[in-house]
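Novice: The file below is run32.cif, mmCIF, C-alpha atoms:
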data_entry
loop_
_atom_site.label_atom_id
_atom_site.label_comp_id
_atom_site.auth_asym_id
_atom_site.auth_seq_id
_atom_site.Cartn_x
_atom_site.Cartn_y
_atom_site.Cartn_z
CA MET I 609 113.50 118.92 126.96
CA GLY I 610 116.16 121.47 127.89
CA LEU I 611 119.83 121.46 127.07
CA MET I 612 122.27 120.01 129.55
CA ASN I 613 124.93 122.27 131.02
CA GLY I 614 128.40 122.07 129.51
CA VAL I 615 127.34 121.00 126.00
CA ASN I 616 129.91 122.02 123.39
CA ASN I 617 128.65 124.64 120.93
CA ASP I 618 129.29 122.25 118.03
CA GLU I 619 127.00 119.72 119.70
CA TYR I 620 124.35 122.25 120.80
CA VAL I 621 120.98 121.02 119.51
CA ARG I 622 117.94 123.22 118.95
CA LEU I 623 114.60 122.40 117.40
CA LEU I 624 112.34 125.01 115.86
CA GLY I 625 108.76 123.77 115.87
CA ALA I 626 105.09 124.25 116.62
CA TRP I 627 103.23 121.98 119.02
CA PRO I 628 100.33 120.90 116.73
CA SER I 629 102.63 119.81 113.87
CA PRO I 630 102.89 116.04 113.30
CA PHE I 631 106.13 116.69 111.43
CA VAL I 632 107.69 118.41 114.44
CA LEU I 633 106.47 115.52 116.59
CA ARG I 634 108.50 113.10 114.45
CA THR I 635 111.67 114.98 115.25
CA ARG I 636 110.95 115.12 118.97
CA ILE I 637 110.28 111.38 119.14
CA ALA I 638 113.51 110.61 117.26
CA LEU I 639 115.54 112.82 119.60
CA ASN I 640 113.89 111.21 122.63
CA LEU I 641 114.61 107.72 121.30
CA LYS I 642 118.28 108.62 120.94
CA ARG I 643 118.28 110.40 124.34
CA VAL I 644 119.62 113.59 122.76
CA PRO I 645 119.37 116.70 124.97
CA TYR I 646 117.98 119.62 122.97
CA GLU I 647 116.35 123.01 123.30
CA TYR I 648 112.83 123.23 121.92
CA LEU I 649 111.83 126.62 120.51
CA GLU I 650 108.11 127.10 119.84
CA GLU I 651 107.44 129.17 116.71
CA GLU I 652 103.91 130.57 116.91
CA ASP I 653 104.01 132.42 113.58
CA THR I 654 106.18 130.30 111.29
CA LEU I 655 105.41 132.33 108.17
CA ASN I 656 106.89 135.49 109.71
CA SER I 657 109.48 133.96 112.01
CA GLU I 658 112.93 135.43 111.48
CA SER I 659 114.53 132.18 112.65
CA VAL I 660 112.49 130.04 110.24
CA LEU I 661 113.21 132.39 107.33
CA ASN I 662 116.90 132.40 108.23
CA TYR I 663 117.33 128.63 108.61
CA ASN I 664 114.87 127.47 105.94
CA PRO I 665 114.68 130.22 103.31
CA VAL I 666 113.55 127.80 100.57
CA HIS I 667 110.43 126.21 102.07
CA LYS I 668 109.99 128.51 105.10
CA GLN I 669 108.66 125.55 107.10
CA ILE I 670 109.24 123.72 110.35
CA PRO I 671 110.63 121.51 111.77
CA ILE I 672 114.19 122.74 111.61
CA LEU I 673 116.87 120.95 113.62
CA ILE I 674 119.96 123.04 114.31
CA HIS I 675 123.00 120.96 115.27
CA GLY I 676 125.73 123.41 116.23
CA ASN I 677 125.18 125.95 113.47
CA LYS I 678 124.04 123.42 110.86
CA PRO I 679 120.33 123.47 109.97
CA ILE I 680 118.67 120.20 108.91
CA ARG I 681 115.24 120.51 107.29
CA GLU I 682 112.26 118.27 106.42
CA SER I 683 110.97 115.85 109.06
CA LEU I 684 111.94 112.50 107.50
CA ASN I 685 115.34 113.87 106.54
CA ILE I 686 115.81 115.05 110.14
CA VAL I 687 114.83 111.65 111.57
CA MET I 688 117.40 109.94 109.32
CA TYR I 689 120.03 112.50 110.36
CA VAL I 690 119.31 111.90 114.05
CA ASP I 691 119.57 108.15 113.54
CA GLU I 692 122.91 108.39 111.75
CA THR I 693 124.44 111.05 114.01
CA TRP I 694 123.65 109.68 117.47
CA LEU I 695 124.34 106.02 118.19
CA SER I 696 122.79 106.18 121.66
CA GLY I 697 119.42 104.47 121.92
CA PRO I 698 117.94 101.91 119.52
CA PRO I 699 118.40 102.25 115.74
CA ILE I 700 115.47 103.92 113.99
CA LEU I 701 116.12 102.66 110.47
CA PRO I 702 116.86 98.98 109.76
CA SER I 703 120.46 97.99 108.99
CA ASP I 704 119.47 95.89 105.97
CA PRO I 705 119.44 98.04 102.77
CA PHE I 706 116.24 96.46 101.45
CA ASP I 707 114.41 96.93 104.78
CA ARG I 708 115.62 100.55 104.89
CA ALA I 709 114.24 101.13 101.39
CA VAL I 710 110.89 99.60 102.42
CA ALA I 711 110.70 101.84 105.50
CA ARG I 712 111.46 104.97 103.47
CA PHE I 713 108.88 103.97 100.85
CA TRP I 714 106.08 103.68 103.42
CA ASP I 715 106.89 106.94 105.16
CA VAL I 716 106.73 108.75 101.82
CA TYR I 717 103.43 106.97 101.14
CA ILE I 718 102.09 108.12 104.52
CA ASP I 719 102.91 111.75 103.69
CA GLU I 720 101.72 111.68 100.08
CA HIS I 721 98.51 109.71 100.61
CA CYS I 722 97.46 109.40 104.25
CA PHE I 723 98.25 112.92 105.41
CA THR I 724 96.83 114.47 102.25
CA SER I 725 93.65 112.40 102.73
CA ILE I 726 93.31 113.60 106.34
CA ASN I 727 93.48 117.16 105.06
CA GLY I 728 91.18 116.21 102.19
CA VAL I 729 88.41 115.18 104.57
CA ALA I 730 88.91 118.34 106.64
CA VAL I 731 88.66 120.77 103.72
CA ALA I 732 86.14 118.91 101.54
CA LYS I 733 83.80 121.36 99.82
CA ASP I 734 80.80 119.03 99.66
CA GLU I 735 79.59 115.61 100.75
CA GLU I 736 80.77 113.86 97.59
CA GLU I 737 84.29 115.21 97.98
CA ARG I 738 84.26 114.26 101.65
CA LYS I 739 83.20 110.68 100.89
CA MET I 740 85.99 110.32 98.32
CA ALA I 741 88.59 111.56 100.81
CA ILE I 742 87.26 109.20 103.51
CA ALA I 743 87.39 106.24 101.10
CA LYS I 744 90.98 107.06 100.20
CA LEU I 745 91.96 107.35 103.86
CA GLU I 746 90.30 104.01 104.64
CA GLN I 747 92.31 102.47 101.81
CA CYS I 748 95.47 103.91 103.36
CA MET I 749 94.62 102.32 106.70
CA ALA I 750 93.98 98.94 105.05
CA LEU I 751 97.38 99.06 103.33
CA LEU I 752 99.14 100.09 106.52
CA GLU I 753 97.44 97.23 108.39
CA GLU I 754 98.96 94.81 105.87
CA THR I 755 102.30 96.57 106.12
CA PHE I 756 102.25 96.34 109.90
CA GLN I 757 101.68 92.58 109.77
CA GLU I 758 104.55 92.17 107.30
CA CYS I 759 107.08 94.49 108.94
CA SER I 760 106.40 93.72 112.60
CA LYS I 761 106.70 89.95 112.13
CA GLY I 762 104.44 89.40 115.12
CA ARG I 763 106.19 91.93 117.35
CA GLY I 764 104.91 95.19 118.81
CA PHE I 765 105.98 97.81 116.27
CA PHE I 766 106.57 98.30 112.57
CA GLY I 767 110.24 98.38 113.54
CA GLY I 768 110.00 95.11 115.47
CA ASP I 769 110.62 95.23 119.21
CA ASN I 770 111.04 99.01 119.26
CA ILE I 771 109.81 102.10 117.47
CA GLY I 772 111.26 102.45 113.98
CA PHE I 773 111.06 104.75 110.97
CA ILE I 774 107.53 103.76 109.91
CA ASP I 775 106.30 103.93 113.50
CA ILE I 776 107.49 107.53 113.76
CA GLY I 777 106.14 108.47 110.34
CA PHE I 778 102.67 107.05 110.91
CA GLY I 779 102.52 107.53 114.68
CA SER I 780 102.88 111.27 114.22
CA MET I 781 99.57 111.19 112.32
CA LEU I 782 97.59 109.58 115.15
CA GLY I 783 96.66 112.94 116.67
CA PRO I 784 95.16 114.35 113.46
CA LEU I 785 93.42 111.00 112.88
CA LYS I 786 91.81 111.10 116.33
CA VAL I 787 90.59 114.64 115.67
CA LEU I 788 89.15 113.56 112.32
CA GLU I 789 87.46 110.54 113.88
CA LYS I 790 85.85 112.77 116.49
CA PHE I 791 84.33 115.14 113.96
CA SER I 792 83.56 112.79 111.07
CA GLY I 793 82.14 109.93 113.12
CA VAL I 794 84.28 107.45 111.14
CA LYS I 795 86.69 105.13 112.97
CA PHE I 796 89.71 104.82 110.70
CA ILE I 797 91.62 102.63 113.16
CA HIS I 798 89.18 99.99 114.36
CA PRO I 799 89.69 96.80 116.41
CA GLU I 800 87.86 94.73 113.79
CA ASN I 801 89.00 96.32 110.53
CA THR I 802 92.57 97.15 111.54
CA PRO I 803 93.32 95.08 114.68
CA GLY I 804 97.09 95.30 114.28
CA LEU I 805 97.07 99.08 114.02
CA PHE I 806 94.52 99.38 116.84
CA ASN I 807 96.77 97.60 119.34
CA TRP I 808 99.92 99.18 117.91
CA ALA I 809 98.50 102.68 118.47
CA ASP I 810 98.07 101.99 122.20
CA ARG I 811 101.67 100.78 122.46
CA PHE I 812 102.92 103.77 120.51
CA TYR I 813 101.10 106.29 122.73
CA ALA I 814 102.45 104.61 125.85
CA HIS I 815 106.10 104.55 124.71
CA GLU I 816 108.45 106.60 126.87
CA ALA I 817 109.81 108.49 123.84
CA VAL I 818 106.29 109.44 122.69
CA LYS I 819 104.15 110.06 125.77
CA PRO I 820 105.83 113.30 126.96
CA VAL I 821 105.61 115.01 123.54
CA MET I 822 102.33 113.72 122.06
CA PRO I 823 99.90 116.66 121.81
CA ASP I 824 96.71 116.45 123.84
CA THR I 825 93.77 115.43 121.64
CA GLU I 826 91.39 118.07 123.03
CA LYS I 827 93.94 120.81 122.35
CA LEU I 828 94.26 119.50 118.79
CA VAL I 829 90.48 119.57 118.47
CA GLU I 830 90.38 123.26 119.40
CA PHE I 831 93.28 123.98 117.06
CA ALA I 832 91.47 122.21 114.21
CA ARG I 833 88.32 124.26 114.81
CA LEU I 834 90.33 127.45 114.39
CA LYS I 835 92.42 126.28 111.44
CA PHE I 836 89.73 124.56 109.36
CA ASN I 837 86.73 126.82 109.22
CA THR I 838 84.57 124.16 107.55
CA SER I 839 81.34 122.41 108.49
CA ILE I 840 83.09 119.20 109.64
CA PHE I 841 84.69 121.03 112.56
CA LYS I 842 81.61 122.94 113.72
#
Taking this structure as input, can you express it in the form of structure tokens?
Specialist:
Amino acid sequence: MGLMNGVNNDEYVRLLGAWPSPFVLRTRIALNLKRVPYEYLEEEDTLNSESVLNYNPVHKQIPILIHGNKPIRESLNIVMYVDETWLSGPPILPSDPFDRAVARFWDVYIDEHCFTSINGVAVAKDEEERKMAIAKLEQCMALLEETFQECSKGRGFFGGDNIGFIDIGFGSMLGPLKVLEKFSGVKFIHPENTPGLFNWADRFYAHEAVKPVMPDTEKLVEFARLKFNTSIFK
């Protein structure tokens, strides 16, 4: 999405990212939900990018949201900032303090356990290590199925009637999950084992804030082959 003409410099929004990153995807979905015009800047070599080093000298990572001249770093932190800064569009985090705490807890869990397990399967050194990573990822899916039933309360998303904080956190991992399913032969989101997540994933992909920015699965497959030079991707 490009910037609209006449935007004040203090309100000028830029996003430094890379298309395969699920963490960059989170930011783009949040901005789309809030209907925020922004300039997207693709960073092909993040480790040597002058912009990345300038705006995130500590972690040297993307995404980086630049609002005016203020850099905001780390994907979940950025999503919360977007939610609190722009009141246009539906709220991303719940208004109830307890529900907000629950949403934050599960997004941290997704990063610390689900995403690390996805990588764990991809870089497993042997079959035993691979099986352990798969078992852990299946456990993550089972817990998120329960969480979906509890948080959605019979509605379409973790956030209820619309995409919320957990939806963005987990939905950004659907691309890597699809790639992993393709190469491992294991269905982590299955209509019988995780029926809530299975139907939720279709709704998430079809959402107007998600569809234009969700990376193509085949492109992610080719990216994974190049990035993970292991037997699972050959």
Novice: Go ahead and compute the interatomic distance for atom CA of I:Glu650 and atom CA of I:Leu623, in Å to one decimal.
Specialist: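 Pair atom CA of I:Glu650 / atom CA of I:Leu623 returns 8.4 Å.
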Novice: Mind running stretch 778-822 of chain I against stretch 625-630 of chain I at 12 Å and telling me each contacting residue's nearest atom pair with the distance in Å (one decimal), counting only C-alpha atoms, chain and number ascending, as a Markdown table?
Specialist:
| residue | atom | partner | partner_atom | distance |
| --- | --- | --- | --- | --- |
| I:Phe778 | CA | I:Pro630 | CA | 9.3 |
| I:Gly779 | CA | I:Pro630 | CA | 8.6 |
| I:Ser780 | CA | I:Pro630 | CA | 4.9 |
| I:Met781 | CA | I:Pro630 | CA | 6.0 |
| I:Leu782 | CA | I:Pro630 | CA | 8.6 |
| I:Gly783 | CA | I:Pro630 | CA | 7.7 |
| I:Pro784 | CA | I:Pro630 | CA | 7.9 |
| I:Leu785 | CA | I:Pro630 | CA | 10.7 |
| I:Val787 | CA | I:Pro628 | CA | 11.6 |
| I:Val818 | CA | I:Pro630 | CA | 12.0 |
| I:Val821 | CA | I:Trp627 | CA | 8.6 |
| I:Met822 | CA | I:Trp627 | CA | 8.8 |
Novice: Extract, using all atoms listed in the file, all DNA, RNA and protein residues at most 12 Å from I:Ile726, discarding same-chain residues fewer than 2 positions from it, and format them as a ChimeraX atom specification.
Specialist: /I:718-724,728-732,738-746,748-749,781-789,791-792,794,796,832,836
Novice: Would you compute the distance between atom CA of I:Ser760 and atom CA of I:Lys819? Give it in Å to one decimal.
Specialist: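 Computing it gives 21.1 Å between the two atoms.
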Novice: Any chance you could resolve the PyMOL selection byres ((chain I and resi 697-703) around 10) against this file and give the residues as a PyMOL selection string?
Specialist: chain I and resi 638-644+687-688+690-692+694-696+704-712+767-776
Novice: Just the number, please: distance in Å from atom CA of I:Asp810 to atom CA of I:Cys759, one decimal.
Specialist: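 Answer for the atom CA of I:Asp810 to atom CA of I:Cys759 separation: 17.7 Å.
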Novice: Using the chain letters and residue numbers of this document, give as a PyMOL selection string the residues selected by the PyMOL selection byres ((chain I and resi 649) around 12).
Specialist: chain I and resi 609-611+621-627+632+636+646-648+650-654+657+659-660+670-674
Novice: From the set I:Phe812, I:Asp618, I:Gln747, I:Gly777, which residue has the shortest atom-to-atom contact distance to I:Asn685, counting all atoms listed in the file?
Specialist: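 Checking each candidate against I:Asn685, we get I:Gly777 as the closest.
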Novice: Taking into account only C-alpha atoms, which residue in the set I:His675, I:Thr693, I:Lys733, I:Leu805 is nearest to I:Glu754?
Specialist: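 Among the listed residues, the smallest separation from I:Glu754 belongs to I:Leu805.
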